[in-house]
Amino acid sequence: MVVFTSVAVFLFSAIALVVASGFSLGAGLLALGGMVLLFRRPARWRMAPRDWVLAGALATYFLVNVATNLFHGAPARDYDAPLRFLLAIPALLLLLAWPPRAAAFWSGLALGAIGAGLLGAWQFVVDGTLRPGGTTNPIQYGNISITLGILCLSGLSWAKQQTHARTWIGSLCIGAAAGIAGSLLTGSRGSWLALPVCLAILACTQGSAIGKRLAGAAALALCGISAALWAVPQSGLKARIELAFSEANDYVVRGNADSSVGARLEMWRTGIAMLPGHWLAGWGKQGMVERKAELVRQGLAAPSIEEHTHLHNEYLDALVKRGLPGLLALLTLYLTPLALFARHLRDGDGATRSYALAGTLLTAAYLTFGLTQAFLTHNNGVMIFGFMAVILWASLLTRERLAVA
């Protein structure tokens with residue numbers, strides 16, 4: 001069973017972006033194995049209070065979504081995304097009973113980030129795609145690619161303790177650079193916001209642990225990649241950032257919503273205008289879409305926002321569609337694992353801190369992504385967060401028990 005969970009965890013990250021819905025294979029194996037475990041109820045089936053807290057956060061998000069969907073008469077397809085958070089709970093049980101090998105997780109993570117960077121570069125250079133997106137869209141691809149890259153950096157403390165430390169450190173550093181570069185190539189500006197946030201957390205919590213020389217080398221490499229992409233006009237990095245400021249200014253001054261940033265700002269304004277009278281249960285997804293279309297017909301909202309089924313802000317989208325319960329469930333989903341992981345940032349050995357840091361960076365990245373994108377309206381956003389969180393939590397507890405023993 002340890003081999004089974006190790007293979008599943010490896011595949012979950014390794015083929016997340018390079019294969020269509022690649023993240024589903026490893027996650028599916030974990031969920032299926034967990035449900036078998038629940039059915040058999042072996043002696044290894046056990047959960048500590050902290051585990052129930054994490055499971056409770058996942059279940060709360062699912063139940064609130066189900067309740068609001070039932071209230072608004074939502075179609076069956078609207079239950080799909082929240083159901084995947086519920087499926088992460090049996091996966092957690094399986095991982096706690098038979099923890100995967102650390103090498104399987106970190107090697108899969110590095111390989112997945114390298115693959116994401118290479119695929120993005122291939123589509124950009126060879127295929128001539130201006131905004132690479134793999135088998136998904138550029139925003140989702142950019143978010144997941146940079147997440148894989150950032151998580152690679154969290155594994156450096158673990159890598160330093162391994163027999164082949166240089167090989168592991170090199171692999172994780174290459175994975176970090178490739179994952180971040182893959183995101184930069186997509187032109188997904190929302191994902192770039194997570195980079196300084198996560199690097200600041202990394203520097204504040206683990207700068208001394210991974211060593212000043214290694215931290216400095218990693219920082220220089222990342223700065224070098226960013227500077228190179230900024231300097232090369234074909235990369236579009238500089239142009240995308242300058243365009244964002246220009247579009248924001250154009251919306252503020254002229255009210256022009258016929259641009260990427262302008263449309264987002266208009267969606268946020270419209271979403272806020274829809275809140276009065278619908279704080280408790282929200283509008284529901286279909287109700288929000290219909291109300292938005294009505295505002296467009298009345299000339300109270302720009303036509304450019306009518307086609308979107310979410311508001312490009314995770315928090316406002318939850319509040320408008322599911323009311324205050326939906327927003328609280330979303331915050332519970334994010335802040336609960338953040339608190340669980342963050343309390344271990346300075347505990348135990350380097351390996352324990354690596355998992356704690358990875359969990360902290362995962363939630364910090366998603367909190368940042370949510371500012372400009374409703375990431376959890378997409379299956380890949382749901383699967384990466386839900387299953388990565390339980391993988392990291394089970395791995396952290398396993399390493400914690402080994403350190404105490």
# chains A, B, ... in the order shown; residues from 1 in each chain; ligands from 1

$ residues_around --residues "A:Leu335" --least-positions-apart "3" --cutoff "12 Å" --atoms "only C-alpha atoms" --output "count of residues only"
24

$ residues_around --residues "A:Tyr79" --least-positions-apart "6" --cutoff "8 Å" --atoms "only C-alpha atoms" --output "list of chain:residue names"
A:Asn65, A:Val66, A:Asn69

$ write_last_selection --atoms "N, CA and C atoms" --output "PDB file, in the first residue's frame"
ATOM      1  N   ASN A  65     -21.922  24.480  -0.297  1.00  0.00           N
ATOM      2  CA  ASN A  65     -22.205  24.525  -1.738  1.00  0.00           C
ATOM      3  C   ASN A  65     -23.433  23.699  -2.091  1.00  0.00           C
ATOM      4  N   VAL A  66     -23.566  22.535  -1.485  1.00  0.00           N
ATOM      5  CA  VAL A  66     -24.732  21.686  -1.743  1.00  0.00           C
ATOM      6  C   VAL A  66     -26.004  22.385  -1.282  1.00  0.00           C
ATOM      7  N   ASN A  69     -26.832  25.267  -3.600  1.00  0.00           N
ATOM      8  CA  ASN A  69     -27.263  24.736  -4.898  1.00  0.00           C
ATOM      9  C   ASN A  69     -28.696  24.217  -4.833  1.00  0.00           C
TER      10      ASN A  69
END

$ residues_around --residues "A:Val320" --least-positions-apart "5" --cutoff "9 Å" --atoms "only C-alpha atoms" --output "list of chain:residue names"
A:Gly271, A:Ile272, A:Met274, A:Leu275, A:His278, A:Trp279, A:Ala281, A:Gly282, A:Trp283, A:Gly284, A:Lys285, A:Met288, A:Leu311, A:Tyr315, A:Gly326, A:Leu327

$ write_last_selection --atoms "C-alpha atoms" --output "PDB file, in the first residue's frame"
ATOM      1  CA  GLY A 271     -20.962  42.164  -8.346  1.00  0.00           C
ATOM      2  CA  ILE A 272     -20.875  44.611  -5.437  1.00  0.00           C
ATOM      3  CA  MET A 274     -25.812  42.979  -6.769  1.00  0.00           C
ATOM      4  CA  LEU A 275     -25.210  42.291  -3.068  1.00  0.00           C
ATOM      5  CA  HIS A 278     -28.980  38.873  -1.270  1.00  0.00           C
ATOM      6  CA  TRP A 279     -26.467  38.658   1.565  1.00  0.00           C
ATOM      7  CA  ALA A 281     -28.208  32.988   0.232  1.00  0.00           C
ATOM      8  CA  GLY A 282     -26.778  34.910  -2.711  1.00  0.00           C
ATOM      9  CA  TRP A 283     -28.128  34.798  -6.241  1.00  0.00           C
ATOM     10  CA  GLY A 284     -26.937  31.326  -7.190  1.00  0.00           C
ATOM     11  CA  LYS A 285     -24.827  30.829 -10.297  1.00  0.00           C
ATOM     12  CA  MET A 288     -26.117  35.840 -10.972  1.00  0.00           C
ATOM     13  CA  LEU A 311     -16.706  37.467 -11.356  1.00  0.00           C
ATOM     14  CA  TYR A 315     -14.288  36.028  -2.633  1.00  0.00           C
ATOM     15  CA  GLY A 326     -20.497  30.759   0.870  1.00  0.00           C
ATOM     16  CA  LEU A 327     -17.846  33.348   1.678  1.00  0.00           C
TER      17      LEU A 327
END

$ closest_residue --among "A:Gly120, A:Val18, A:Gly386, A:Ala103" --to "A:Trp168" --atoms "only C-alpha atoms"
A:Ala103

$ residues_around --residues "A:Phe105" --least-positions-apart "5" --cutoff "8 Å" --atoms "only C-alpha atoms" --output "PyMOL selection string"
chain A and resi 6+9-10+13+100

$ residues_around --residues "stretch 189-201 of chain A" --least-positions-apart "4" --cutoff "8 Å" --atoms "only C-alpha atoms" --output "PyMOL selection string"
chain A and resi 139+142-143+146+150+183-184+205+240-241+361+364-365+368-369+371-373

$ write_last_selection --atoms "C-alpha atoms" --output "mmCIF file, in the first residue's frame"
data_model
loop_
_atom_site.group_PDB
_atom_site.id
_atom_site.type_symbol
_atom_site.label_atom_id
_atom_site.label_comp_id
_atom_site.auth_asym_id
_atom_site.auth_seq_id
_atom_site.Cartn_x
_atom_site.Cartn_y
_atom_site.Cartn_z
ATOM 1 C CA ILE A 139 -4.745 31.531 -16.511
ATOM 2 C CA GLY A 142 -0.064 29.849 -15.167
ATOM 3 C CA ASN A 143 -1.510 29.453 -11.677
ATOM 4 C CA ILE A 146 3.817 28.710 -10.591
ATOM 5 C CA ILE A 150 6.997 27.615 -5.656
ATOM 6 C CA SER A 183 3.827 30.807 -15.577
ATOM 7 C CA LEU A 184 5.596 33.920 -16.821
ATOM 8 C CA THR A 205 10.502 31.500 7.702
ATOM 9 C CA ARG A 240 1.628 42.512 -20.249
ATOM 10 C CA ILE A 241 2.494 44.459 -17.104
ATOM 11 C CA LEU A 361 2.759 28.459 0.393
ATOM 12 C CA ALA A 364 -0.991 31.652 0.347
ATOM 13 C CA ALA A 365 -0.788 31.212 -3.424
ATOM 14 C CA THR A 368 -3.591 35.476 -3.895
ATOM 15 C CA PHE A 369 -4.931 33.832 -7.050
ATOM 16 C CA LEU A 371 -7.985 38.208 -6.027
ATOM 17 C CA THR A 372 -8.199 38.138 -9.825
ATOM 18 C CA GLN A 373 -9.606 34.701 -10.664
#
